$ cat my_file33.cif   # mmCIF, C-alpha atoms
data_start
loop_
_atom_site.group_PDB
_atom_site.id
_atom_site.type_symbol
_atom_site.label_atom_id
_atom_site.label_comp_id
_atom_site.auth_asym_id
_atom_site.auth_seq_id
_atom_site.Cartn_x
_atom_site.Cartn_y
_atom_site.Cartn_z
ATOM 1 C CA MET A 622 69.383 -51.381 -151.386
ATOM 2 C CA ARG A 623 66.640 -52.145 -153.909
ATOM 3 C CA LYS A 624 66.084 -55.781 -154.803
ATOM 4 C CA ALA A 625 66.145 -56.710 -158.491
ATOM 5 C CA ILE A 626 64.119 -59.190 -160.501
ATOM 6 C CA ALA A 627 65.303 -60.454 -163.877
ATOM 7 C CA VAL A 628 62.602 -61.017 -166.470
ATOM 8 C CA ILE A 629 63.472 -63.654 -169.038
ATOM 9 C CA GLY A 630 61.537 -65.135 -171.920
ATOM 10 C CA SER A 631 61.297 -65.311 -175.649
ATOM 11 C CA ALA A 632 63.075 -62.534 -177.514
ATOM 12 C CA SER A 633 60.946 -63.318 -180.577
ATOM 13 C CA GLU A 634 57.503 -63.952 -179.083
ATOM 14 C CA THR A 635 54.402 -62.721 -180.864
ATOM 15 C CA ASN A 636 51.788 -64.553 -178.761
ATOM 16 C CA ASN A 637 49.418 -61.845 -177.471
ATOM 17 C CA GLN A 638 48.719 -63.711 -174.219
ATOM 18 C CA ALA A 639 52.437 -63.903 -173.425
ATOM 19 C CA ILE A 640 52.958 -60.243 -174.380
ATOM 20 C CA ASN A 641 50.126 -59.126 -172.089
ATOM 21 C CA LEU A 642 51.474 -61.268 -169.246
ATOM 22 C CA ALA A 643 54.945 -59.762 -169.723
ATOM 23 C CA ARG A 644 53.457 -56.280 -169.431
ATOM 24 C CA GLU A 645 51.613 -57.268 -166.255
ATOM 25 C CA VAL A 646 54.841 -58.674 -164.808
ATOM 26 C CA GLY A 647 56.626 -55.375 -165.469
ATOM 27 C CA ILE A 648 53.853 -53.423 -163.768
ATOM 28 C CA GLU A 649 53.863 -55.735 -160.739
ATOM 29 C CA ILE A 650 57.645 -55.498 -160.381
ATOM 30 C CA ALA A 651 57.550 -51.684 -160.511
ATOM 31 C CA LYS A 652 54.591 -51.468 -158.098
ATOM 32 C CA ARG A 653 56.578 -53.462 -155.536
ATOM 33 C CA GLY A 654 59.590 -51.152 -155.843
ATOM 34 C CA TYR A 655 61.952 -53.696 -157.387
ATOM 35 C CA THR A 656 64.447 -52.944 -160.122
ATOM 36 C CA LEU A 657 63.670 -54.850 -163.307
ATOM 37 C CA ILE A 658 66.610 -56.408 -165.162
ATOM 38 C CA THR A 659 66.467 -57.888 -168.658
ATOM 39 C CA GLY A 660 68.941 -59.044 -171.257
ATOM 40 C CA ALA A 661 68.253 -55.716 -173.026
ATOM 41 C CA CYS A 662 66.530 -57.674 -175.803
ATOM 42 C CA PRO A 663 63.236 -57.299 -177.674
ATOM 43 C CA TYR A 664 59.808 -58.915 -177.272
ATOM 44 C CA LEU A 665 58.762 -60.365 -173.884
ATOM 45 C CA PRO A 666 61.593 -58.965 -171.719
ATOM 46 C CA TYR A 667 61.252 -55.639 -173.536
ATOM 47 C CA GLU A 668 57.471 -55.550 -172.987
ATOM 48 C CA ALA A 669 58.007 -56.135 -169.263
ATOM 49 C CA ALA A 670 60.686 -53.426 -169.150
ATOM 50 C CA LYS A 671 58.505 -50.963 -171.056
ATOM 51 C CA ALA A 672 55.545 -51.537 -168.716
ATOM 52 C CA ALA A 673 57.747 -51.213 -165.616
ATOM 53 C CA LYS A 674 59.166 -47.941 -166.916
ATOM 54 C CA GLN A 675 55.671 -46.591 -167.646
ATOM 55 C CA GLU A 676 54.738 -47.526 -164.075
ATOM 56 C CA GLY A 677 57.673 -45.467 -162.758
ATOM 57 C CA GLY A 678 60.039 -48.385 -162.208
ATOM 58 C CA PHE A 679 63.810 -48.552 -162.621
ATOM 59 C CA VAL A 680 65.005 -50.732 -165.511
ATOM 60 C CA ILE A 681 68.484 -52.107 -166.250
ATOM 61 C CA GLY A 682 69.516 -53.898 -169.437
ATOM 62 C CA ILE A 683 72.405 -56.342 -169.514
ATOM 63 C CA SER A 684 73.525 -56.402 -173.147
ATOM 64 C CA PRO A 685 75.540 -59.119 -174.869
ATOM 65 C CA ALA A 686 77.162 -56.386 -176.975
ATOM 66 C CA SER A 687 80.500 -54.674 -176.337
ATOM 67 C CA ASN A 688 79.135 -51.183 -176.907
ATOM 68 C CA TYR A 689 76.118 -49.141 -177.911
ATOM 69 C CA ASP A 690 76.725 -49.464 -181.659
ATOM 70 C CA GLU A 691 76.909 -53.260 -181.506
ATOM 71 C CA HIS A 692 73.847 -53.354 -179.230
ATOM 72 C CA ILE A 693 71.758 -51.366 -181.734
ATOM 73 C CA ASN A 694 73.241 -52.289 -185.107
ATOM 74 C CA GLY A 695 74.741 -55.716 -184.441
ATOM 75 C CA TYR A 696 72.067 -57.269 -182.257
ATOM 76 C CA GLY A 697 69.200 -54.973 -183.228
ATOM 77 C CA PHE A 698 68.258 -54.579 -179.569
ATOM 78 C CA PRO A 699 66.236 -51.692 -178.100
ATOM 79 C CA ASP A 700 67.603 -48.910 -175.896
ATOM 80 C CA ASP A 701 64.622 -46.656 -175.238
ATOM 81 C CA VAL A 702 63.273 -47.969 -171.916
ATOM 82 C CA PHE A 703 66.441 -48.617 -169.948
ATOM 83 C CA ASP A 704 67.733 -46.359 -167.210
ATOM 84 C CA PHE A 705 71.103 -48.006 -167.640
ATOM 85 C CA ILE A 706 72.586 -50.599 -170.003
ATOM 86 C CA VAL A 707 75.628 -52.704 -169.110
ATOM 87 C CA TYR A 708 77.563 -53.693 -172.237
ATOM 88 C CA THR A 709 79.183 -57.015 -171.330
ATOM 89 C CA GLY A 710 80.776 -57.972 -174.650
ATOM 90 C CA PHE A 711 80.251 -61.595 -173.609
ATOM 91 C CA GLY A 712 77.625 -62.629 -176.159
ATOM 92 C CA LEU A 713 74.251 -64.055 -175.235
ATOM 93 C CA LYS A 714 75.346 -66.899 -172.948
ATOM 94 C CA GLY A 715 77.934 -64.804 -171.117
ATOM 95 C CA ARG A 716 75.424 -62.006 -170.703
ATOM 96 C CA ASN A 717 72.990 -64.486 -169.154
ATOM 97 C CA VAL A 718 75.364 -65.310 -166.292
ATOM 98 C CA ILE A 719 75.869 -61.641 -165.424
ATOM 99 C CA MET A 720 72.144 -60.889 -165.653
ATOM 100 C CA ILE A 721 71.109 -63.792 -163.418
ATOM 101 C CA ARG A 722 73.847 -63.141 -160.851
ATOM 102 C CA SER A 723 72.773 -59.478 -160.697
ATOM 103 C CA ALA A 724 69.182 -60.397 -159.799
ATOM 104 C CA ASP A 725 67.638 -61.473 -156.506
ATOM 105 C CA ALA A 726 65.003 -63.539 -158.331
ATOM 106 C CA VAL A 727 63.959 -64.477 -161.859
ATOM 107 C CA VAL A 728 60.608 -64.445 -163.647
ATOM 108 C CA ALA A 729 60.296 -66.572 -166.798
ATOM 109 C CA ILE A 730 57.610 -66.076 -169.436
ATOM 110 C CA SER A 731 57.278 -68.547 -172.310
ATOM 111 C CA GLY A 732 60.734 -68.870 -173.843
ATOM 112 C CA ARG A 733 62.913 -71.070 -175.932
ATOM 113 C CA ILE A 734 66.426 -72.531 -175.588
ATOM 114 C CA GLY A 735 67.962 -69.235 -174.409
ATOM 115 C CA THR A 736 65.367 -69.056 -171.636
ATOM 116 C CA LEU A 737 66.247 -72.591 -170.560
ATOM 117 C CA ASN A 738 69.889 -71.517 -170.388
ATOM 118 C CA GLU A 739 68.930 -68.605 -168.129
ATOM 119 C CA LEU A 740 66.746 -70.877 -165.986
ATOM 120 C CA THR A 741 69.509 -73.432 -165.458
ATOM 121 C CA ILE A 742 71.877 -70.650 -164.404
ATOM 122 C CA ALA A 743 69.266 -69.288 -161.975
ATOM 123 C CA TYR A 744 68.612 -72.765 -160.609
ATOM 124 C CA ASP A 745 72.328 -73.438 -160.050
ATOM 125 C CA GLU A 746 72.798 -69.975 -158.514
ATOM 126 C CA LEU A 747 69.930 -70.672 -156.059
ATOM 127 C CA LYS A 748 67.900 -67.683 -157.281
ATOM 128 C CA PRO A 749 64.160 -67.979 -156.576
ATOM 129 C CA ILE A 750 62.400 -68.649 -159.877
ATOM 130 C CA GLY A 751 58.870 -67.644 -160.807
ATOM 131 C CA ILE A 752 57.395 -69.164 -163.950
ATOM 132 C CA LEU A 753 54.228 -67.925 -165.580
ATOM 133 C CA ASP A 754 52.021 -70.751 -166.766
ATOM 134 C CA VAL A 755 51.928 -69.913 -170.470
ATOM 135 C CA GLU A 756 52.946 -71.846 -173.577
ATOM 136 C CA GLY A 757 56.708 -72.074 -174.093
ATOM 137 C CA LEU A 758 59.713 -73.959 -172.761
ATOM 138 C CA ALA A 759 59.829 -72.230 -169.365
ATOM 139 C CA ILE A 760 56.739 -74.100 -168.196
ATOM 140 C CA GLU A 761 58.597 -77.368 -168.908
ATOM 141 C CA PHE A 762 61.479 -76.434 -166.596
ATOM 142 C CA PRO A 763 60.033 -77.727 -163.285
ATOM 143 C CA GLU A 764 59.547 -81.175 -164.834
ATOM 144 C CA LEU A 765 63.085 -81.154 -166.228
ATOM 145 C CA VAL A 766 64.412 -80.291 -162.765
ATOM 146 C CA LYS A 767 62.486 -83.200 -161.235
ATOM 147 C CA LYS A 768 63.980 -85.576 -163.789
ATOM 148 C CA SER A 769 67.498 -84.289 -163.102
ATOM 149 C CA LYS A 770 67.154 -84.928 -159.351
ATOM 150 C CA LYS A 771 69.538 -82.038 -158.765
ATOM 151 C CA LYS A 772 68.925 -79.725 -155.830
ATOM 152 C CA GLY A 773 68.686 -76.037 -156.604
ATOM 153 C CA SER A 774 66.522 -72.988 -156.118
ATOM 154 C CA ARG A 775 62.845 -72.735 -155.261
ATOM 155 C CA ILE A 776 60.475 -72.680 -158.251
ATOM 156 C CA ILE A 777 57.000 -71.140 -158.187
ATOM 157 C CA VAL A 778 54.520 -71.597 -161.044
ATOM 158 C CA GLU A 779 51.454 -69.359 -161.310
ATOM 159 C CA LYS A 780 48.962 -68.252 -163.952
ATOM 160 C CA SER A 781 48.629 -64.730 -162.534
ATOM 161 C CA PRO A 782 51.518 -62.222 -162.614
ATOM 162 C CA GLU A 783 50.158 -60.583 -159.460
ATOM 163 C CA LYS A 784 50.073 -63.854 -157.524
ATOM 164 C CA LEU A 785 53.468 -64.893 -158.914
ATOM 165 C CA LEU A 786 55.103 -61.636 -157.775
ATOM 166 C CA MET A 787 53.362 -61.804 -154.400
ATOM 167 C CA ASN A 788 54.782 -65.297 -153.766
ATOM 168 C CA LEU A 789 58.196 -64.473 -155.208
ATOM 169 C CA SER A 790 58.371 -61.355 -153.013
ATOM 170 C CA LYS A 791 57.982 -63.527 -149.932
ATOM 171 C CA LEU A 792 61.057 -65.514 -150.921
ATOM 172 C CA ILE A 793 63.335 -62.574 -151.673
ATOM 173 C CA GLU A 794 62.288 -60.461 -148.703
ATOM 174 C CA GLN A 795 63.209 -63.180 -146.169
#
$ encode --input "my_file33.cif" --output "structure tokens"
Amino acid sequence: MRKAIAVIGSASETNNQAINLAREVGIEIAKRGYTLITGACPYLPYEAAKAAKQEGGFVIGISPASNYDEHINGYGFPDDVFDFIVYTGFGLKGRNVIMIRSADAVVAISGRIGTLNELTIAYDELKPIGILDVEGLAIEFPELVKKSKKKGSRIIVEKSPEKLLMNLSKLIEQ
């Protein structure tokens, strides 16, 4: 069975560096033959999904909406790059649990409070976490974990999407 990597990050990011990194992450995931999972949202996760699809990858969206109409018209989320969308009907936080549990690992790019929510779920679920060293709340997560003194998953921080995926691959292929 194919392994899956969830890509999380800001759903309202306009930073060109973060957008380019998200695209590189999508390409690297597809090149390695992994399925890419996102929260079926716009901006950074969408850019990663779009790049993975262009690279020939398989992309799944886990939507907070109950159905297609709510996904498009209620949330204003995209549908054009996904091979399959799961409509959870659980809202954003509920969707996050399903998305993280469906993945073998998580890659975080930039992000805000929603990304921190996804990261804490991944950490508690013992999913390997890869964080790209770019401005945003995700890069603060390793320090927050240290302060919490709670044991959880392995966290890797890298500047390069290629190096991040290479190291993350080692963890999920064990």
$ resolve_selection --input "my_file33.cif" --expression "the PyMOL selection byres ((chain A and resi 712) around 12)" --output "count of residues only"
24
$ residues_around --input "my_file33.cif" --residues "A:Lys624" --least-positions-apart "2" --cutoff "12 Å" --atoms "all atoms listed in the file" --output "PyMOL selection string"
chain A and resi 622+626-627+650-651+653-658+679-680+723-727+789-790+792-795
$ residues_around --input "my_file33.cif" --residues "A:Leu786" --least-positions-apart "5" --cutoff "9 Å" --atoms "only C-alpha atoms" --output "list in words"
Val646, Glu649, Ile650, Arg653, Val728, Gly751, Ser781 and Lys791 of chain A
$ resolve_selection --input "my_file33.cif" --expression "the PyMOL selection byres ((chain A and resi 739) around 8)" --output "number ranges by chain"
A: 629, 717-718, 721, 735-738, 740-743
$ write_last_selection --input "my_file33.cif" --atoms "C-alpha atoms" --output "mmCIF file, keeping the file's coordinate frame"
data_model
loop_
_atom_site.group_PDB
_atom_site.id
_atom_site.type_symbol
_atom_site.label_atom_id
_atom_site.label_comp_id
_atom_site.auth_asym_id
_atom_site.auth_seq_id
_atom_site.Cartn_x
_atom_site.Cartn_y
_atom_site.Cartn_z
ATOM 1 C CA ILE A 629 63.472 -63.654 -169.038
ATOM 2 C CA ASN A 717 72.990 -64.486 -169.154
ATOM 3 C CA VAL A 718 75.364 -65.310 -166.292
ATOM 4 C CA ILE A 721 71.109 -63.792 -163.418
ATOM 5 C CA GLY A 735 67.962 -69.235 -174.409
ATOM 6 C CA THR A 736 65.367 -69.056 -171.636
ATOM 7 C CA LEU A 737 66.247 -72.591 -170.560
ATOM 8 C CA ASN A 738 69.889 -71.517 -170.388
ATOM 9 C CA LEU A 740 66.746 -70.877 -165.986
ATOM 10 C CA THR A 741 69.509 -73.432 -165.458
ATOM 11 C CA ILE A 742 71.877 -70.650 -164.404
ATOM 12 C CA ALA A 743 69.266 -69.288 -161.975
#
$ atom_distance --input "my_file33.cif" --atom1 "atom CA of A:Phe698" --atom2 "atom CA of A:Lys671"
13.4 Å
$ residues_around --input "my_file33.cif" --residues "A:Ser774" --least-positions-apart "6" --cutoff "7 Å" --atoms "only C-alpha atoms" --output "number ranges by chain"
A: 744, 747-749
$ closest_residue --input "my_file33.cif" --among "A:Pro763, A:Gly773, A:Gly647, A:Gly732" --to "A:Gln675" --atoms "all atoms listed in the file"
A:Gly647
$ closest_residue --input "my_file33.cif" --among "A:Ala670, A:Ile693, A:Ile750, A:Leu665" --to "A:Arg775" --atoms "only C-alpha atoms"
A:Ile750
$ decode --input "my_file33.cif" --residues "stretch 632-784 of chain A" --atoms "C-alpha atoms" --output "mmCIF file, in the first residue's frame"
data_model
loop_
_atom_site.group_PDB
_atom_site.id
_atom_site.type_symbol
_atom_site.label_atom_id
_atom_site.label_comp_id
_atom_site.auth_asym_id
_atom_site.auth_seq_id
_atom_site.Cartn_x
_atom_site.Cartn_y
_atom_site.Cartn_z
ATOM 1 C CA ALA A 632 -4.602 28.434 4.146
ATOM 2 C CA SER A 633 -4.179 32.179 3.578
ATOM 3 C CA GLU A 634 -0.452 32.523 2.888
ATOM 4 C CA THR A 635 0.779 34.946 0.260
ATOM 5 C CA ASN A 636 4.512 34.799 1.071
ATOM 6 C CA ASN A 637 6.241 33.834 -2.200
ATOM 7 C CA GLN A 638 9.014 31.921 -0.413
ATOM 8 C CA ALA A 639 6.469 29.762 1.419
ATOM 9 C CA ILE A 640 4.442 29.226 -1.772
ATOM 10 C CA ASN A 641 7.537 28.090 -3.681
ATOM 11 C CA LEU A 642 8.536 25.766 -0.838
ATOM 12 C CA ALA A 643 5.028 24.269 -0.794
ATOM 13 C CA ARG A 644 5.305 23.553 -4.513
ATOM 14 C CA GLU A 645 8.695 21.906 -4.005
ATOM 15 C CA VAL A 646 7.247 19.769 -1.207
ATOM 16 C CA GLY A 647 4.458 18.570 -3.506
ATOM 17 C CA ILE A 648 6.951 17.655 -6.215
ATOM 18 C CA GLU A 649 9.178 15.779 -3.757
ATOM 19 C CA ILE A 650 6.229 13.833 -2.338
ATOM 20 C CA ALA A 651 5.066 12.798 -5.823
ATOM 21 C CA LYS A 652 8.603 11.890 -6.961
ATOM 22 C CA ARG A 653 8.900 9.496 -4.017
ATOM 23 C CA GLY A 654 5.600 7.794 -4.868
ATOM 24 C CA TYR A 655 3.700 8.929 -1.780
ATOM 25 C CA THR A 656 0.079 10.003 -1.748
ATOM 26 C CA LEU A 657 -0.308 13.642 -0.754
ATOM 27 C CA ILE A 658 -3.135 14.498 1.651
ATOM 28 C CA THR A 659 -4.322 18.008 2.489
ATOM 29 C CA GLY A 660 -7.271 19.568 4.245
ATOM 30 C CA ALA A 661 -8.629 20.331 0.745
ATOM 31 C CA CYS A 662 -8.029 24.028 1.438
ATOM 32 C CA PRO A 663 -6.424 26.877 -0.513
ATOM 33 C CA TYR A 664 -2.955 28.454 -0.449
ATOM 34 C CA LEU A 665 0.039 26.438 0.835
ATOM 35 C CA PRO A 666 -1.590 22.979 1.033
ATOM 36 C CA TYR A 667 -3.253 23.640 -2.326
ATOM 37 C CA GLU A 668 0.051 24.707 -3.925
ATOM 38 C CA ALA A 669 1.669 21.481 -2.713
ATOM 39 C CA ALA A 670 -1.272 19.433 -4.010
ATOM 40 C CA LYS A 671 -1.226 21.201 -7.376
ATOM 41 C CA ALA A 672 2.517 20.602 -7.813
ATOM 42 C CA ALA A 673 2.197 16.937 -6.796
ATOM 43 C CA LYS A 674 -0.611 16.445 -9.303
ATOM 44 C CA GLN A 675 1.430 18.096 -12.075
ATOM 45 C CA GLU A 676 4.267 15.718 -11.184
ATOM 46 C CA GLY A 677 1.923 12.737 -11.641
ATOM 47 C CA GLY A 678 1.187 12.194 -7.955
ATOM 48 C CA PHE A 679 -2.016 11.039 -6.273
ATOM 49 C CA VAL A 680 -3.762 13.696 -4.169
ATOM 50 C CA ILE A 681 -6.520 13.315 -1.564
ATOM 51 C CA GLY A 682 -8.405 16.172 0.084
ATOM 52 C CA ILE A 683 -10.025 15.803 3.485
ATOM 53 C CA SER A 684 -12.736 18.467 3.560
ATOM 54 C CA PRO A 685 -14.394 19.951 6.635
ATOM 55 C CA ALA A 686 -17.603 20.232 4.598
ATOM 56 C CA SER A 687 -20.507 17.773 4.538
ATOM 57 C CA ASN A 688 -20.765 17.740 0.755
ATOM 58 C CA TYR A 689 -19.462 19.211 -2.471
ATOM 59 C CA ASP A 690 -21.736 22.268 -2.390
ATOM 60 C CA GLU A 691 -20.639 23.242 1.120
ATOM 61 C CA HIS A 692 -16.993 22.590 0.201
ATOM 62 C CA ILE A 693 -17.176 24.979 -2.774
ATOM 63 C CA ASN A 694 -19.784 27.538 -1.739
ATOM 64 C CA GLY A 695 -19.606 27.413 2.055
ATOM 65 C CA TYR A 696 -15.870 27.134 2.599
ATOM 66 C CA GLY A 697 -14.749 28.437 -0.789
ATOM 67 C CA PHE A 698 -12.271 25.574 -1.085
ATOM 68 C CA PRO A 699 -10.788 24.255 -4.348
ATOM 69 C CA ASP A 700 -11.641 20.940 -6.003
ATOM 70 C CA ASP A 701 -9.596 20.909 -9.200
ATOM 71 C CA VAL A 702 -6.432 19.033 -8.173
ATOM 72 C CA PHE A 703 -7.803 16.240 -6.018
ATOM 73 C CA ASP A 704 -8.166 12.660 -7.166
ATOM 74 C CA PHE A 705 -10.598 12.145 -4.325
ATOM 75 C CA ILE A 706 -12.185 14.360 -1.663
ATOM 76 C CA VAL A 707 -13.546 12.992 1.617
ATOM 77 C CA TYR A 708 -16.376 15.175 2.931
ATOM 78 C CA THR A 709 -16.206 14.761 6.710
ATOM 79 C CA GLY A 710 -18.866 17.240 7.828
ATOM 80 C CA PHE A 711 -16.803 17.693 10.995
ATOM 81 C CA GLY A 712 -15.645 21.284 10.507
ATOM 82 C CA LEU A 713 -12.017 22.332 10.487
ATOM 83 C CA LYS A 714 -10.876 20.807 13.787
ATOM 84 C CA GLY A 715 -12.692 17.518 13.216
ATOM 85 C CA ARG A 716 -11.318 17.332 9.698
ATOM 86 C CA ASN A 717 -7.809 17.785 11.098
ATOM 87 C CA VAL A 718 -8.035 14.610 13.190
ATOM 88 C CA ILE A 719 -9.136 12.518 10.210
ATOM 89 C CA MET A 720 -6.474 14.021 7.942
ATOM 90 C CA ILE A 721 -3.621 13.440 10.394
ATOM 91 C CA ARG A 722 -4.743 9.908 11.276
ATOM 92 C CA SER A 723 -4.926 9.082 7.551
ATOM 93 C CA ALA A 724 -1.290 10.085 6.982
ATOM 94 C CA ASP A 725 1.944 8.240 7.708
ATOM 95 C CA ALA A 726 3.791 11.535 8.234
ATOM 96 C CA VAL A 727 3.150 15.277 8.203
ATOM 97 C CA VAL A 728 4.949 18.184 6.547
ATOM 98 C CA ALA A 729 4.272 21.670 7.938
ATOM 99 C CA ILE A 730 4.963 24.885 6.038
ATOM 100 C CA SER A 731 4.548 28.249 7.764
ATOM 101 C CA GLY A 732 1.085 28.231 9.316
ATOM 102 C CA ARG A 733 -1.047 29.801 11.950
ATOM 103 C CA ILE A 734 -3.262 28.507 14.780
ATOM 104 C CA GLY A 735 -4.926 25.838 12.607
ATOM 105 C CA THR A 736 -1.491 24.484 11.700
ATOM 106 C CA LEU A 737 -0.573 24.299 15.382
ATOM 107 C CA ASN A 738 -3.759 22.311 15.966
ATOM 108 C CA GLU A 739 -2.746 19.869 13.224
ATOM 109 C CA LEU A 740 0.795 19.646 14.617
ATOM 110 C CA THR A 741 -0.385 18.845 18.138
ATOM 111 C CA ILE A 742 -2.625 16.098 16.762
ATOM 112 C CA ALA A 743 0.286 14.677 14.742
ATOM 113 C CA TYR A 744 2.571 14.859 17.763
ATOM 114 C CA ASP A 745 0.058 13.053 19.997
ATOM 115 C CA GLU A 746 -0.617 10.467 17.270
ATOM 116 C CA LEU A 747 3.149 9.770 16.997
ATOM 117 C CA LYS A 748 3.254 10.726 13.307
ATOM 118 C CA PRO A 749 6.721 11.762 12.090
ATOM 119 C CA ILE A 750 6.691 15.524 11.545
ATOM 120 C CA GLY A 751 8.765 17.468 9.045
ATOM 121 C CA ILE A 752 8.845 21.240 9.404
ATOM 122 C CA LEU A 753 10.203 23.560 6.758
ATOM 123 C CA ASP A 754 12.261 26.366 8.226
ATOM 124 C CA VAL A 755 10.216 29.314 6.975
ATOM 125 C CA GLU A 756 8.427 32.152 8.755
ATOM 126 C CA GLY A 757 5.198 31.107 10.476
ATOM 127 C CA LEU A 758 4.021 29.310 13.597
ATOM 128 C CA ALA A 759 5.101 25.819 12.511
ATOM 129 C CA ILE A 760 8.761 26.679 13.040
ATOM 130 C CA GLU A 761 7.908 27.535 16.671
ATOM 131 C CA PHE A 762 6.454 24.075 17.327
ATOM 132 C CA PRO A 763 9.685 22.242 18.292
ATOM 133 C CA GLU A 764 10.361 24.840 20.997
ATOM 134 C CA LEU A 765 6.795 24.563 22.290
ATOM 135 C CA VAL A 766 7.198 20.782 22.501
ATOM 136 C CA LYS A 767 10.418 21.175 24.497
ATOM 137 C CA LYS A 768 8.659 23.481 26.945
ATOM 138 C CA SER A 769 5.766 21.037 27.349
ATOM 139 C CA LYS A 770 8.126 18.168 28.244
ATOM 140 C CA LYS A 771 5.605 15.782 26.718
ATOM 141 C CA LYS A 772 6.864 12.805 24.744
ATOM 142 C CA GLY A 773 5.532 12.419 21.231
ATOM 143 C CA SER A 774 6.586 11.951 17.642
ATOM 144 C CA ARG A 775 9.909 12.661 15.977
ATOM 145 C CA ILE A 776 10.303 16.183 14.563
ATOM 146 C CA ILE A 777 12.669 17.086 11.728
ATOM 147 C CA VAL A 778 13.378 20.699 10.745
ATOM 148 C CA GLU A 779 15.031 21.500 7.412
ATOM 149 C CA LYS A 780 15.377 24.447 5.044
ATOM 150 C CA SER A 781 15.273 22.277 1.912
ATOM 151 C CA PRO A 782 12.127 20.370 0.860
ATOM 152 C CA GLU A 783 14.306 17.724 -0.794
ATOM 153 C CA LYS A 784 16.354 17.120 2.351
#
